[in-house]
file start-v8.txt (compact mmCIF, C-alpha atoms and all ligand atoms)
# COMPACT_ATOMS: atom_id res chain seq x y z
CA MET L 89 7.68 21.28 19.74
CA THR L 90 8.99 22.14 23.18
CA PRO L 91 7.03 25.17 24.30
CA CYS L 92 9.68 26.47 26.72
CA ALA L 93 11.15 29.41 24.87
CA SER L 94 13.70 31.33 26.88
CA THR L 95 13.63 35.11 26.78
CA SER L 96 16.65 35.21 24.47
CA THR L 97 15.09 32.69 22.09
CA ARG L 98 11.88 34.71 22.10
CA ARG L 99 13.86 37.87 21.31
CA ALA L 100 15.76 36.09 18.54
CA GLY L 101 12.48 34.79 17.11
CA GLN L 102 10.92 38.21 17.27
CA GLY L 103 14.06 39.64 15.68
CA ILE L 104 13.85 37.32 12.70
CA ALA L 105 10.11 37.92 12.44
CA PHE L 106 10.77 41.66 12.37
CA VAL L 107 13.47 41.32 9.70
CA ILE L 108 11.27 39.04 7.57
CA GLY L 109 8.25 41.29 8.06
CA ALA L 110 10.08 44.54 7.27
CA THR L 111 11.88 43.05 4.27
CA ALA L 112 8.61 41.55 3.02
CA LEU L 113 6.87 44.91 3.31
CA VAL L 114 9.60 46.72 1.39
CA ILE L 115 9.80 44.20 -1.44
CA LEU L 116 6.04 43.93 -1.75
CA LEU L 117 5.96 47.68 -2.39
CA VAL L 118 8.12 47.38 -5.47
CA ARG L 119 7.09 45.93 -8.80
CA GLY L 120 7.46 42.16 -8.95
CA GLY L 121 7.92 42.15 -5.18
CA GLU L 122 5.87 39.03 -4.60
CA GLN L 123 8.31 37.00 -6.68
CA TRP L 124 11.23 38.36 -4.61
CA LEU L 125 9.44 37.55 -1.40
CA ARG L 126 8.86 34.03 -2.58
CA SER L 127 12.57 33.68 -3.39
CA LEU L 128 13.55 35.07 0.01
CA LEU L 129 11.31 32.60 1.85
CA LEU L 130 12.56 29.71 -0.27
CA TYR L 131 16.14 30.76 0.49
CA LEU L 132 15.29 30.86 4.22
CA SER L 133 13.71 27.40 3.96
CA GLY L 134 17.19 25.99 3.32
CA ALA L 135 19.19 28.25 5.67
CA PRO L 136 20.28 26.45 8.88
CA TRP L 137 20.58 29.72 10.86
CA ALA L 138 16.97 30.64 10.06
CA ARG L 139 15.79 27.13 10.92
CA ARG L 140 17.49 27.32 14.33
CA MET L 141 15.88 30.65 15.10
CA VAL L 142 12.37 29.81 13.96
CA THR L 143 12.17 26.28 15.36
CA GLY L 144 13.66 27.34 18.71
CA PHE L 145 10.81 29.77 19.13
CA ALA L 146 7.71 28.06 20.53
CA PRO L 147 4.99 30.36 19.05
CA ALA L 148 6.20 29.45 15.55
CA TRP L 149 4.78 25.96 16.07
CA ALA L 150 1.36 27.44 16.77
CA VAL L 151 1.33 28.66 13.18
CA ALA L 152 3.19 25.75 11.59
CA GLY L 153 0.72 23.40 13.30
CA ARG L 154 -1.94 24.59 10.91
CA PHE L 155 -0.10 22.76 8.11
CA VAL L 156 1.24 19.78 10.06
CA ALA L 157 -0.87 17.03 11.67
CA GLY L 158 1.41 16.67 14.71
CA GLU L 159 4.75 15.38 15.86
CA SER L 160 3.97 11.70 16.25
CA VAL L 161 2.81 8.90 14.02
CA ASP L 162 -0.24 8.52 16.28
CA GLU L 163 -1.30 12.08 15.54
CA ALA L 164 -0.86 11.45 11.80
CA ILE L 165 -2.98 8.30 12.01
CA ASP L 166 -5.69 10.19 13.94
CA ALA L 167 -5.75 12.94 11.29
CA ALA L 168 -5.91 10.29 8.57
CA HIS L 169 -8.85 8.56 10.26
CA GLN L 170 -10.74 11.85 10.49
CA LEU L 171 -10.16 12.58 6.81
CA ASN L 172 -11.10 9.01 5.87
CA ALA L 173 -14.34 9.42 7.82
CA GLU L 174 -15.11 12.49 5.69
CA GLY L 175 -14.67 10.49 2.49
CA MET L 176 -11.10 11.53 1.70
CA SER L 177 -8.02 9.36 1.38
CA VAL L 178 -4.56 10.48 2.52
CA ALA L 179 -0.89 10.55 1.60
CA ILE L 180 1.07 10.51 4.86
CA ASP L 181 4.47 12.18 4.91
CA PHE L 182 7.02 11.69 7.70
CA LEU L 183 8.68 15.11 7.56
CA GLY L 184 12.40 15.30 6.93
CA GLU L 185 14.74 15.97 4.03
CA SER L 186 18.38 16.49 3.09
CA VAL L 187 19.89 14.23 5.76
CA THR L 188 23.65 14.58 6.18
CA THR L 189 24.69 11.15 7.47
CA ALA L 190 23.87 7.55 6.52
CA THR L 191 22.68 6.97 10.09
CA GLU L 192 20.08 9.72 9.73
CA ALA L 193 18.95 8.17 6.45
CA ASP L 194 18.63 4.75 8.12
CA ASP L 195 16.67 6.31 11.00
CA ALA L 196 14.29 7.92 8.51
CA ARG L 197 13.86 4.57 6.74
CA ASP L 198 13.02 2.93 10.07
CA GLN L 199 10.44 5.62 10.86
CA LEU L 200 8.88 5.06 7.45
CA LEU L 201 8.78 1.29 8.04
CA LEU L 202 7.01 2.00 11.32
CA LEU L 203 4.56 4.26 9.48
CA VAL L 204 3.77 1.53 6.93
CA ASP L 205 3.19 -0.94 9.72
CA ARG L 206 0.94 1.48 11.63
CA MET L 207 -1.07 2.29 8.50
CA ARG L 208 -1.74 -1.38 7.92
CA GLY L 209 -2.68 -1.98 11.55
CA ALA L 210 -4.94 1.08 11.71
CA GLN L 211 -6.51 0.34 8.32
CA VAL L 212 -5.82 3.79 6.97
CA GLU L 213 -7.17 4.48 3.50
CA GLY L 214 -4.05 6.01 2.02
CA TYR L 215 -0.44 5.72 0.97
CA VAL L 216 2.98 6.94 2.06
CA SER L 217 4.82 9.91 0.52
CA ILE L 218 8.60 10.01 0.85
CA LYS L 219 11.48 12.27 -0.13
CA LEU L 220 14.61 10.59 -1.44
CA SER L 221 16.84 13.24 0.19
CA GLN L 222 15.44 11.96 3.49
CA LEU L 223 16.66 8.48 2.57
CA GLY L 224 20.18 9.67 1.75
CA LEU L 225 20.03 10.71 -1.92
CA ASN L 226 22.50 13.55 -1.40
CA LEU L 227 24.97 11.06 0.11
CA GLY L 228 24.74 8.65 -2.80
CA GLU L 229 22.14 7.22 -5.15
CA ASN L 230 22.70 3.67 -3.90
CA LEU L 231 21.96 4.52 -0.28
CA ALA L 232 18.60 6.05 -1.21
CA LEU L 233 17.85 3.15 -3.56
CA GLN L 234 18.50 0.54 -0.85
CA ASN L 235 16.44 2.40 1.73
CA LEU L 236 13.55 2.86 -0.66
CA ARG L 237 13.70 -0.79 -1.69
CA ALA L 238 13.36 -1.84 1.96
CA ILE L 239 10.32 0.44 2.33
CA LEU L 240 8.73 -0.81 -0.90
CA GLU L 241 9.14 -4.44 0.16
CA ALA L 242 7.42 -3.81 3.50
CA ALA L 243 4.78 -1.64 1.84
CA ARG L 244 3.99 -4.29 -0.77
CA ALA L 245 3.52 -6.88 1.97
CA ALA L 246 1.21 -4.42 3.77
CA ASN L 247 -0.66 -3.53 0.57
CA VAL L 248 0.41 0.09 0.88
CA ARG L 249 1.62 2.26 -2.00
CA VAL L 250 4.54 4.68 -1.89
CA ARG L 251 4.87 7.97 -3.74
CA ILE L 252 8.28 9.58 -4.28
CA ASP L 253 7.93 13.34 -3.88
CA MET L 254 9.96 15.48 -6.29
CA GLU L 255 12.54 17.87 -4.84
CA GLU L 256 15.05 20.35 -6.36
CA SER L 257 15.65 20.17 -10.12
CA ALA L 258 19.22 18.94 -9.59
CA THR L 259 17.78 15.69 -8.18
CA VAL L 260 15.14 14.97 -10.84
CA ASP L 261 17.34 12.68 -12.99
CA MET L 262 18.46 10.64 -9.98
CA THR L 263 14.90 10.45 -8.65
CA LEU L 264 13.47 9.21 -11.93
CA ASP L 265 16.37 6.78 -12.30
CA ILE L 266 15.74 5.24 -8.86
CA TYR L 267 12.00 5.16 -9.55
CA ARG L 268 12.54 3.32 -12.88
CA ARG L 269 15.09 0.88 -11.47
CA LEU L 270 12.64 -0.17 -8.77
CA ARG L 271 9.38 0.00 -10.72
CA ASN L 272 10.41 -1.15 -14.19
CA GLY L 273 13.61 -3.02 -13.32
CA GLU L 274 12.60 -4.80 -10.10
CA GLY L 275 8.83 -4.90 -10.63
CA PHE L 276 7.64 -2.79 -7.71
CA ASP L 277 4.26 -1.71 -9.01
CA ASN L 278 3.43 0.04 -5.71
CA VAL L 279 5.62 3.06 -6.40
CA GLY L 280 4.76 6.36 -8.12
CA VAL L 281 6.40 9.71 -8.82
CA VAL L 282 5.73 13.44 -8.96
CA ILE L 283 6.14 15.82 -11.91
CA GLN L 284 6.53 19.61 -11.51
CA SER L 285 4.95 21.74 -14.25
CA TYR L 286 7.37 24.67 -13.69
CA LEU L 287 10.26 22.65 -15.14
CA TYR L 288 10.80 22.97 -18.91
CA ARG L 289 11.83 19.31 -19.05
CA SER L 290 8.55 17.97 -17.66
CA GLU L 291 6.80 17.58 -21.00
CA GLU L 292 9.53 15.14 -22.13
CA ASP L 293 9.41 13.32 -18.79
CA VAL L 294 5.64 12.99 -19.00
CA LYS L 295 5.83 11.54 -22.53
CA LYS L 296 7.98 8.71 -21.15
CA LEU L 297 5.82 8.22 -18.06
CA VAL L 298 2.70 8.00 -20.24
CA ALA L 299 4.34 5.26 -22.33
CA GLU L 300 5.25 3.43 -19.12
CA GLY L 301 1.73 3.66 -17.65
CA ALA L 302 3.02 5.40 -14.54
CA TRP L 303 1.30 6.57 -11.40
CA VAL L 304 1.89 10.35 -11.45
CA ARG L 305 1.12 13.25 -9.11
CA LEU L 306 1.20 16.53 -11.00
CA VAL L 307 2.21 19.66 -9.04
CA LYS L 308 3.37 23.14 -10.01
CA GLY L 309 6.66 22.88 -8.06
CA ALA L 310 7.69 24.31 -4.70
CA TYR L 311 11.45 24.99 -4.88
CA ARG L 312 13.67 27.92 -5.81
CA GLU L 313 14.76 27.24 -9.37
CA PRO L 314 16.77 29.32 -11.86
CA ALA L 315 15.20 30.61 -15.09
CA ALA L 316 17.51 28.22 -16.97
CA VAL L 317 15.39 25.26 -15.87
CA ALA L 318 11.98 26.56 -14.76
CA TYR L 319 9.31 29.08 -15.73
CA ALA L 320 9.46 32.17 -13.56
CA ASP L 321 5.99 33.40 -14.50
CA LYS L 322 2.96 31.77 -12.86
CA ARG L 323 1.01 32.03 -16.14
CA ASP L 324 3.58 29.86 -17.92
CA THR L 325 3.60 27.31 -15.09
CA ASP L 326 -0.21 27.20 -15.14
CA ALA L 327 -0.36 26.76 -18.92
CA ALA L 328 2.22 23.96 -18.68
CA TYR L 329 0.19 22.39 -15.87
CA MET L 330 -2.89 22.10 -18.05
CA ARG L 331 -0.87 20.79 -21.03
CA LEU L 332 0.48 18.05 -18.77
CA VAL L 333 -2.99 17.26 -17.36
CA GLN L 334 -4.18 16.71 -20.93
CA MET L 335 -1.19 14.46 -21.73
CA LEU L 336 -1.76 12.43 -18.56
CA LEU L 337 -5.48 12.04 -19.35
CA SER L 338 -4.95 11.27 -23.04
CA GLU L 339 -6.36 8.10 -24.58
CA ASP L 340 -2.88 6.57 -24.66
CA ALA L 341 -2.28 7.44 -21.03
CA LEU L 342 -5.55 5.90 -19.86
CA ALA L 343 -5.05 2.83 -22.06
CA ASN L 344 -1.56 2.36 -20.58
CA GLY L 345 -2.95 2.53 -17.04
CA VAL L 346 -1.63 5.98 -16.08
CA GLU L 347 -3.13 7.16 -12.79
CA LEU L 348 -3.14 10.94 -12.44
CA ALA L 349 -3.33 12.95 -9.24
CA VAL L 350 -4.12 16.63 -9.89
CA ALA L 351 -2.39 18.12 -6.84
CA THR L 352 -3.22 21.81 -6.59
CA HIS L 353 -5.24 24.34 -4.61
CA ASP L 354 -5.68 26.48 -7.71
CA GLU L 355 -9.38 26.70 -8.50
CA ALA L 356 -8.66 27.46 -12.17
CA MET L 357 -6.64 24.23 -12.55
CA ILE L 358 -9.35 22.24 -10.76
CA LEU L 359 -12.19 23.62 -12.89
CA GLN L 360 -10.23 23.26 -16.14
CA THR L 361 -9.41 19.63 -15.30
CA MET L 362 -13.09 18.90 -14.57
CA ALA L 363 -14.14 20.59 -17.83
CA TYR L 364 -11.52 18.70 -19.84
CA ALA L 365 -12.60 15.37 -18.36
CA ARG L 366 -16.24 16.16 -19.07
CA THR L 367 -15.68 17.08 -22.72
CA ARG L 368 -13.59 13.94 -23.27
CA GLY L 369 -16.04 11.68 -21.46
CA ILE L 370 -13.39 10.68 -18.91
CA ALA L 371 -15.01 9.23 -15.79
CA SER L 372 -14.34 11.10 -12.57
CA ASP L 373 -12.81 8.01 -10.98
CA ARG L 374 -9.99 7.90 -13.58
CA PHE L 375 -8.07 10.60 -11.70
CA GLU L 376 -8.02 12.23 -8.28
CA PHE L 377 -7.56 15.66 -6.74
CA GLN L 378 -5.03 16.24 -3.99
CA MET L 379 -4.46 19.12 -1.57
CA LEU L 380 -2.23 19.74 1.42
CA TYR L 381 -3.36 19.35 5.02
CA GLY L 382 -4.80 22.60 6.37
CA ILE L 383 -5.13 24.36 3.00
CA ARG L 384 -8.59 24.99 1.50
CA ARG L 385 -10.19 22.57 3.94
CA GLU L 386 -13.74 23.51 2.96
CA ARG L 387 -13.04 22.95 -0.71
CA GLN L 388 -11.50 19.55 0.10
CA ARG L 389 -14.70 18.48 1.87
CA GLU L 390 -16.89 19.92 -0.86
CA LEU L 391 -15.10 18.05 -3.65
CA ALA L 392 -15.32 14.79 -1.70
CA ALA L 393 -19.02 15.38 -0.97
CA GLN L 394 -19.64 16.00 -4.67
CA GLY L 395 -18.19 12.57 -5.43
CA TRP L 396 -14.73 13.55 -6.69
CA ARG L 397 -11.82 11.43 -5.51
CA MET L 398 -10.02 13.65 -3.00
CA ARG L 399 -6.76 12.91 -1.19
CA VAL L 400 -5.12 15.04 1.49
CA TYR L 401 -1.35 15.12 2.01
CA VAL L 402 -0.79 14.73 5.77
CA PRO L 403 2.70 15.66 7.04
CA TYR L 404 3.85 14.88 10.58
CA GLY L 405 7.08 14.92 12.57
CA THR L 406 9.43 17.38 14.20
CA ALA L 407 11.34 18.41 11.05
CA TRP L 408 8.60 20.79 9.91
CA TYR L 409 10.67 23.90 9.18
CA PRO L 410 11.44 23.61 5.40
CA TYR L 411 7.94 22.29 4.65
CA PHE L 412 6.40 25.17 6.58
CA MET L 413 8.56 27.81 4.88
CA ARG L 414 7.56 26.51 1.44
CA ARG L 415 3.90 26.90 2.45
CA LEU L 416 4.62 30.50 3.49
CA ALA L 417 6.33 31.14 0.16
CA GLU L 418 3.25 29.97 -1.72
CA ARG L 419 0.96 32.54 -0.19
CA PRO L 420 2.05 35.91 1.29
CA ALA L 421 -1.12 36.07 3.42
CA ASN L 422 0.24 33.12 5.42
CA LEU L 423 3.35 35.18 6.12
CA TRP L 424 1.42 38.05 7.71
CA PHE L 425 -0.46 35.53 9.85
CA PHE L 426 2.87 34.03 10.93
CA VAL L 427 4.67 37.31 11.67
CA SER L 428 1.77 38.84 13.63
CA SER L 429 1.27 35.69 15.70
CA LEU L 430 4.93 35.81 16.78
CA PHE L 431 4.28 39.09 18.55
CA LYS L 432 1.22 37.85 20.42
CA LYS L 433 1.80 36.98 24.06
P1 LIG L 501 -0.76 28.32 -6.61
O1 LIG L 501 0.50 28.41 -5.82
O2 LIG L 501 -0.81 29.01 -7.93
O3 LIG L 501 -1.93 28.79 -5.70
C1 LIG L 501 -3.26 28.88 -6.15
C2 LIG L 501 -4.14 29.29 -4.99
O4 LIG L 501 -4.19 28.22 -4.06
C3 LIG L 501 -3.64 30.47 -4.19
O5 LIG L 501 -4.06 31.69 -4.76
C4 LIG L 501 -4.25 30.22 -2.84
O6 LIG L 501 -5.59 30.60 -2.83
C5 LIG L 501 -4.19 28.72 -2.72
N1 LIG L 501 -2.93 28.31 -2.05
C6 LIG L 501 -1.83 27.79 -2.64
N2 LIG L 501 -0.87 27.52 -1.73
C7 LIG L 501 -1.38 27.90 -0.54
C8 LIG L 501 -0.84 27.89 0.78
N3 LIG L 501 0.38 27.43 1.08
N4 LIG L 501 -1.66 28.36 1.77
C9 LIG L 501 -2.90 28.81 1.50
N5 LIG L 501 -3.44 28.86 0.26
C10 LIG L 501 -2.70 28.41 -0.74
N6 LIG L 501 5.81 20.35 -4.78
C11 LIG L 501 6.96 19.80 -5.19
O7 LIG L 501 7.84 20.50 -5.69
N7 LIG L 501 7.16 18.45 -5.03
C12 LIG L 501 6.21 17.63 -4.51
O8 LIG L 501 6.43 16.43 -4.40
C13 LIG L 501 4.98 18.23 -4.10
N8 LIG L 501 3.97 17.46 -3.55
C14 LIG L 501 2.74 18.03 -3.34
C15 LIG L 501 1.65 17.24 -2.95
C16 LIG L 501 0.38 17.78 -2.87
C17 LIG L 501 -0.77 16.91 -2.48
C18 LIG L 501 0.19 19.17 -3.15
C19 LIG L 501 -1.17 19.79 -3.10
C20 LIG L 501 1.26 19.97 -3.47
C21 LIG L 501 2.53 19.42 -3.55
N9 LIG L 501 3.62 20.22 -3.90
C22 LIG L 501 4.81 19.61 -4.26
C23 LIG L 501 3.54 21.70 -3.80
C24 LIG L 501 3.22 22.33 -5.14
O9 LIG L 501 4.33 22.22 -6.01
C25 LIG L 501 2.87 23.80 -4.99
O10 LIG L 501 3.97 24.48 -4.45
C26 LIG L 501 1.67 24.08 -4.10
O11 LIG L 501 0.67 23.14 -4.30
C27 LIG L 501 1.08 25.48 -4.42
O12 LIG L 501 0.68 25.52 -5.76
P2 LIG L 501 -0.84 25.44 -6.23
O13 LIG L 501 -0.91 24.44 -7.32
O14 LIG L 501 -1.71 25.15 -5.08
O15 LIG L 501 -1.16 26.82 -6.93
call {"tool": "encode", "arguments": {"input": "start-v8.txt", "output": "structure tokens"}}
result
Amino acid sequence: MTPCASTSTRRAGQGIAFVIGATALVILLVRGGEQWLRSLLLYLSGAPWARRMVTGFAPAWAVAGRFVAGESVDEAIDAAHQLNAEGMSVAIDFLGESVTTATEADDARDQLLLLVDRMRGAQVEGYVSIKLSQLGLNLGENLALQNLRAILEAARAANVRVRIDMEESATVDMTLDIYRRLRNGEGFDNVGVVIQSYLYRSEEDVKKLVAEGAWVRLVKGAYREPAAVAYADKRDTDAAYMRLVQMLLSEDALANGVELAVATHDEAMILQTMAYARTRGIASDRFEFQMLYGIRRERQRELAAQGWRMRVYVPYGTAWYPYFMRRLAERPANLWFFVSSLFKK
């Protein structure tokens, strides 16, 4: 991030911080306010005007940098090495999503090919996470398919796996279709997907993925979704999460070769998964825990030290704005930290 904010950019940044802060305060005071705040931040995560203001304002990076390993692939590799040295593996994510031209999609593909190559050279213990919207999904399914195929070919040669992150609900069918065409149709066994427990449809999707012996990361879901497709209440999302954990650790799932990643910072989900595995006699190496870079760092280390398989999702790159805003939406305390830091000299 270029730390040369002009006075007007600083004022604009402080202006938006003030508006966000004041609005947040008001809506937190009313019943159900936290849900509104989450929606507001998720709306801002996709608003170009807000992105311009926040990213043009140097102090914002100071806060975003807590969740992002750096701008360059070298910084991501350094972070990965540190985590590897502490007994944790990584999922490295070159930040970027929703590209608007085929050239941008091709550039993202090339950056991801570079990342695969660097991971092999640097002997990183980890895999690559990608977003299909970064590879052109919104411009056409075929463009994203071709770009992903190129990455999977290089990754297979480098003995690196690739996980397709899940994005907005409108893209789930296309994402699963591309995943199946490449994994089941073309035999790429180095590709996995993500399932979001807030979506009503996920139970049906998981049934199919269990039958296919898929490699699945289970998350709660990070996007703004209407009540027609997703649970609005955290308790429903949490209950669905644990139902899906049990499906993905069922006898059938394990016999079919399903590999589950329990990706959450929620202590209740972590403890319930451990308890479920214990009562069913499922060995701790049959699944792994995953958390995001910079979130619950102590707990990450502790789980690894206790012998659990622990993987950290390591994002890097300059396109950090939407990723950062989703992290703010997940926890209001992060928002206060962000707003107050913008006013510090
Ligand atoms: P929840 O949001 O209920 O939080 C539980 C507790 O965890 C909080 O009370 C707090 O203590 C802590 N916590 C959670 N978020 C925090 C934050 N940002 N900062 C500080 N503390 C926090 N989503 C998606 O839609 N598609 C995807 O592909 C992925 N991929 C992905 C990979 C990995 C490795 C992880 C961990 C998460 C994702 N996600 C995702 C994001 C996921 O959907 C979800 O939004 C976040 O993980 C937050 O939900 P939790 O399960 O952590 O629980």
call {"tool": "residues_around", "arguments": {"input": "start-v8.txt", "residues": "stretch 389-396 of chain L", "least_positions_apart": "6", "cutoff": "9 Å", "atoms": "only C-alpha atoms", "output": "number ranges by chain"}}
result
L: 171, 174-176, 372-373, 375-377
call {"tool": "closest_residue", "arguments": {"input": "start-v8.txt", "among": "L:Ala302, L:Ala320, L:Ala173, L:Met262", "to": "L:Ser285", "atoms": "only C-alpha atoms"}}
result
L:Ala320
call {"tool": "closest_residue", "arguments": {"input": "start-v8.txt", "among": "L:Ile358, L:Gly405, L:Arg331, L:Phe145", "to": "L:Ala196", "atoms": "only C-alpha atoms"}}
result
L:Gly405
call {"tool": "residues_near_point", "arguments": {"input": "start-v8.txt", "point": "(9.9, 5.0, -4.8)", "cutoff": "8 Å", "atoms": "only C-alpha atoms", "output": "list in words"}}
result
Ile218, Leu236, Arg237, Leu240, Val250, Arg251, Ile252, Ile266, Tyr267, Leu270, Arg271, Val279, Gly280 and Val281 of chain L
call {"tool": "atom_distance", "arguments": {"input": "start-v8.txt", "atom1": "atom CA of L:Pro403", "atom2": "atom C8 of ligand LIG 501 (chain L)"}}
result
14.2 Å
call {"tool": "residues_near_ligand", "arguments": {"input": "start-v8.txt", "ligand": "ligand LIG 501 (chain L)", "cutoff": "6 Å", "atoms": "only C-alpha atoms and all ligand atoms", "output": "ChimeraX atom specification"}}
result
/L:253-255,282,307-311,351-354,378-380,383,401,415-416,418-419
call {"tool": "write_last_selection", "arguments": {"input": "start-v8.txt", "atoms": "C-alpha atoms", "output": "PDB file, keeping the file's coordinate frame"}}
result
ATOM      1  CA  ASP L 253       7.930  13.340  -3.880  1.00  0.00           C
ATOM      2  CA  MET L 254       9.960  15.480  -6.290  1.00  0.00           C
ATOM      3  CA  GLU L 255      12.540  17.870  -4.840  1.00  0.00           C
ATOM      4  CA  VAL L 282       5.730  13.440  -8.960  1.00  0.00           C
ATOM      5  CA  VAL L 307       2.210  19.660  -9.040  1.00  0.00           C
ATOM      6  CA  LYS L 308       3.370  23.140 -10.010  1.00  0.00           C
ATOM      7  CA  GLY L 309       6.660  22.880  -8.060  1.00  0.00           C
ATOM      8  CA  ALA L 310       7.690  24.310  -4.700  1.00  0.00           C
ATOM      9  CA  TYR L 311      11.450  24.990  -4.880  1.00  0.00           C
ATOM     10  CA  ALA L 351      -2.390  18.120  -6.840  1.00  0.00           C
ATOM     11  CA  THR L 352      -3.220  21.810  -6.590  1.00  0.00           C
ATOM     12  CA  HIS L 353      -5.240  24.340  -4.610  1.00  0.00           C
ATOM     13  CA  ASP L 354      -5.680  26.480  -7.710  1.00  0.00           C
ATOM     14  CA  GLN L 378      -5.030  16.240  -3.990  1.00  0.00           C
ATOM     15  CA  MET L 379      -4.460  19.120  -1.570  1.00  0.00           C
ATOM     16  CA  LEU L 380      -2.230  19.740   1.420  1.00  0.00           C
ATOM     17  CA  ILE L 383      -5.130  24.360   3.000  1.00  0.00           C
ATOM     18  CA  TYR L 401      -1.350  15.120   2.010  1.00  0.00           C
ATOM     19  CA  ARG L 415       3.900  26.900   2.450  1.00  0.00           C
ATOM     20  CA  LEU L 416       4.620  30.500   3.490  1.00  0.00           C
ATOM     21  CA  GLU L 418       3.250  29.970  -1.720  1.00  0.00           C
ATOM     22  CA  ARG L 419       0.960  32.540  -0.190  1.00  0.00           C
TER      23      ARG L 419
END
call {"tool": "atom_distance", "arguments": {"input": "start-v8.txt", "atom1": "atom CA of L:Leu220", "atom2": "atom CA of L:Phe276"}}
result
16.3 Å
call {"tool": "closest_residue", "arguments": {"input": "start-v8.txt", "among": "L:Glu229, L:Glu355, L:Glu241, L:Glu313", "to": "L:Ala258", "atoms": "only C-alpha atoms"}}
result
L:Glu313
call {"tool": "residues_around", "arguments": {"input": "start-v8.txt", "residues": "L:Leu287", "least_positions_apart": "6", "cutoff": "7 Å", "atoms": "only C-alpha atoms", "output": "list in words"}}
result
Val317, Ala318 and Tyr319 of chain L
call {"tool": "atom_distance", "arguments": {"input": "start-v8.txt", "atom1": "atom CA of L:Arg399", "atom2": "atom CA of L:Gly214"}}
result
8.1 Å
call {"tool": "closest_residue", "arguments": {"input": "start-v8.txt", "among": "L:Leu132, L:Leu227, L:Leu337, L:Leu201", "to": "L:Lys295", "atoms": "all atoms listed in the file"}}
result
L:Leu337
call {"tool": "residues_around", "arguments": {"input": "start-v8.txt", "residues": "stretch 148-155 of chain L", "least_positions_apart": "5", "cutoff": "6 Å", "atoms": "only C-alpha atoms", "output": "PyMOL selection string"}}
result
chain L and resi 381-382+412
call {"tool": "residues_around", "arguments": {"input": "start-v8.txt", "residues": "L:Glu300", "least_positions_apart": "6", "cutoff": "12 Å", "atoms": "all atoms listed in the file", "output": "MDAnalysis selection string"}}
result
chainID L and resid 267:268 271:272 277 280 293:294 336 340:347
call {"tool": "closest_residue", "arguments": {"input": "start-v8.txt", "among": "L:Arg397, L:Arg244, L:Arg384, L:Arg206", "to": "L:Ala371", "atoms": "only C-alpha atoms"}}
result
L:Arg397
call {"tool": "axis_aligned_box", "arguments": {"input": "start-v8.txt", "around": "stretch 422-426 of chain L", "padding_each_side": "4 Å", "output": "lines of an AutoDock Vina configuration file"}}
result
center_x = 1.4
center_y = 35.6
center_z = 8.2
size_x = 11.8
size_y = 12.9
size_z = 13.5
call {"tool": "build_atoms", "arguments": {"input": "start-v8.txt", "residues": "stretch 246-257 of chain L", "atoms": "N, CA and C atoms", "output": "PDB file, in the frame of the given file"}}
result
ATOM      1  N   ALA L 246       2.312  -5.025   3.015  1.00  0.00           N
ATOM      2  CA  ALA L 246       1.210  -4.420   3.770  1.00  0.00           C
ATOM      3  C   ALA L 246       0.121  -3.865   2.858  1.00  0.00           C
ATOM      4  N   ASN L 247       0.300  -4.057   1.544  1.00  0.00           N
ATOM      5  CA  ASN L 247      -0.660  -3.530   0.570  1.00  0.00           C
ATOM      6  C   ASN L 247      -0.789  -2.013   0.642  1.00  0.00           C
ATOM      7  N   VAL L 248       0.364  -1.375   0.806  1.00  0.00           N
ATOM      8  CA  VAL L 248       0.410   0.090   0.880  1.00  0.00           C
ATOM      9  C   VAL L 248       1.248   0.588  -0.302  1.00  0.00           C
ATOM     10  N   ARG L 249       0.843   1.701  -0.905  1.00  0.00           N
ATOM     11  CA  ARG L 249       1.620   2.260  -2.000  1.00  0.00           C
ATOM     12  C   ARG L 249       2.536   3.372  -1.483  1.00  0.00           C
ATOM     13  N   VAL L 250       3.541   3.684  -2.303  1.00  0.00           N
ATOM     14  CA  VAL L 250       4.540   4.680  -1.890  1.00  0.00           C
ATOM     15  C   VAL L 250       4.752   5.669  -3.037  1.00  0.00           C
ATOM     16  N   ARG L 251       4.640   6.943  -2.720  1.00  0.00           N
ATOM     17  CA  ARG L 251       4.870   7.970  -3.740  1.00  0.00           C
ATOM     18  C   ARG L 251       6.180   8.679  -3.444  1.00  0.00           C
ATOM     19  N   ILE L 252       7.034   8.822  -4.471  1.00  0.00           N
ATOM     20  CA  ILE L 252       8.280   9.580  -4.280  1.00  0.00           C
ATOM     21  C   ILE L 252       8.002  11.034  -4.616  1.00  0.00           C
ATOM     22  N   ASP L 253       8.078  11.907  -3.630  1.00  0.00           N
ATOM     23  CA  ASP L 253       7.930  13.340  -3.880  1.00  0.00           C
ATOM     24  C   ASP L 253       9.076  13.816  -4.774  1.00  0.00           C
ATOM     25  N   MET L 254       8.862  14.933  -5.475  1.00  0.00           N
ATOM     26  CA  MET L 254       9.960  15.480  -6.290  1.00  0.00           C
ATOM     27  C   MET L 254      10.528  16.690  -5.564  1.00  0.00           C
ATOM     28  N   GLU L 255      11.877  16.774  -5.551  1.00  0.00           N
ATOM     29  CA  GLU L 255      12.540  17.870  -4.840  1.00  0.00           C
ATOM     30  C   GLU L 255      13.226  18.809  -5.836  1.00  0.00           C
ATOM     31  N   GLU L 256      14.382  19.365  -5.488  1.00  0.00           N
ATOM     32  CA  GLU L 256      15.050  20.350  -6.360  1.00  0.00           C
ATOM     33  C   GLU L 256      15.365  19.751  -7.733  1.00  0.00           C
ATOM     34  N   SER L 257      15.450  20.644  -8.737  1.00  0.00           N
ATOM     35  CA  SER L 257      15.650  20.170 -10.120  1.00  0.00           C
ATOM     36  C   SER L 257      16.936  19.355 -10.276  1.00  0.00           C
TER      37      SER L 257
END
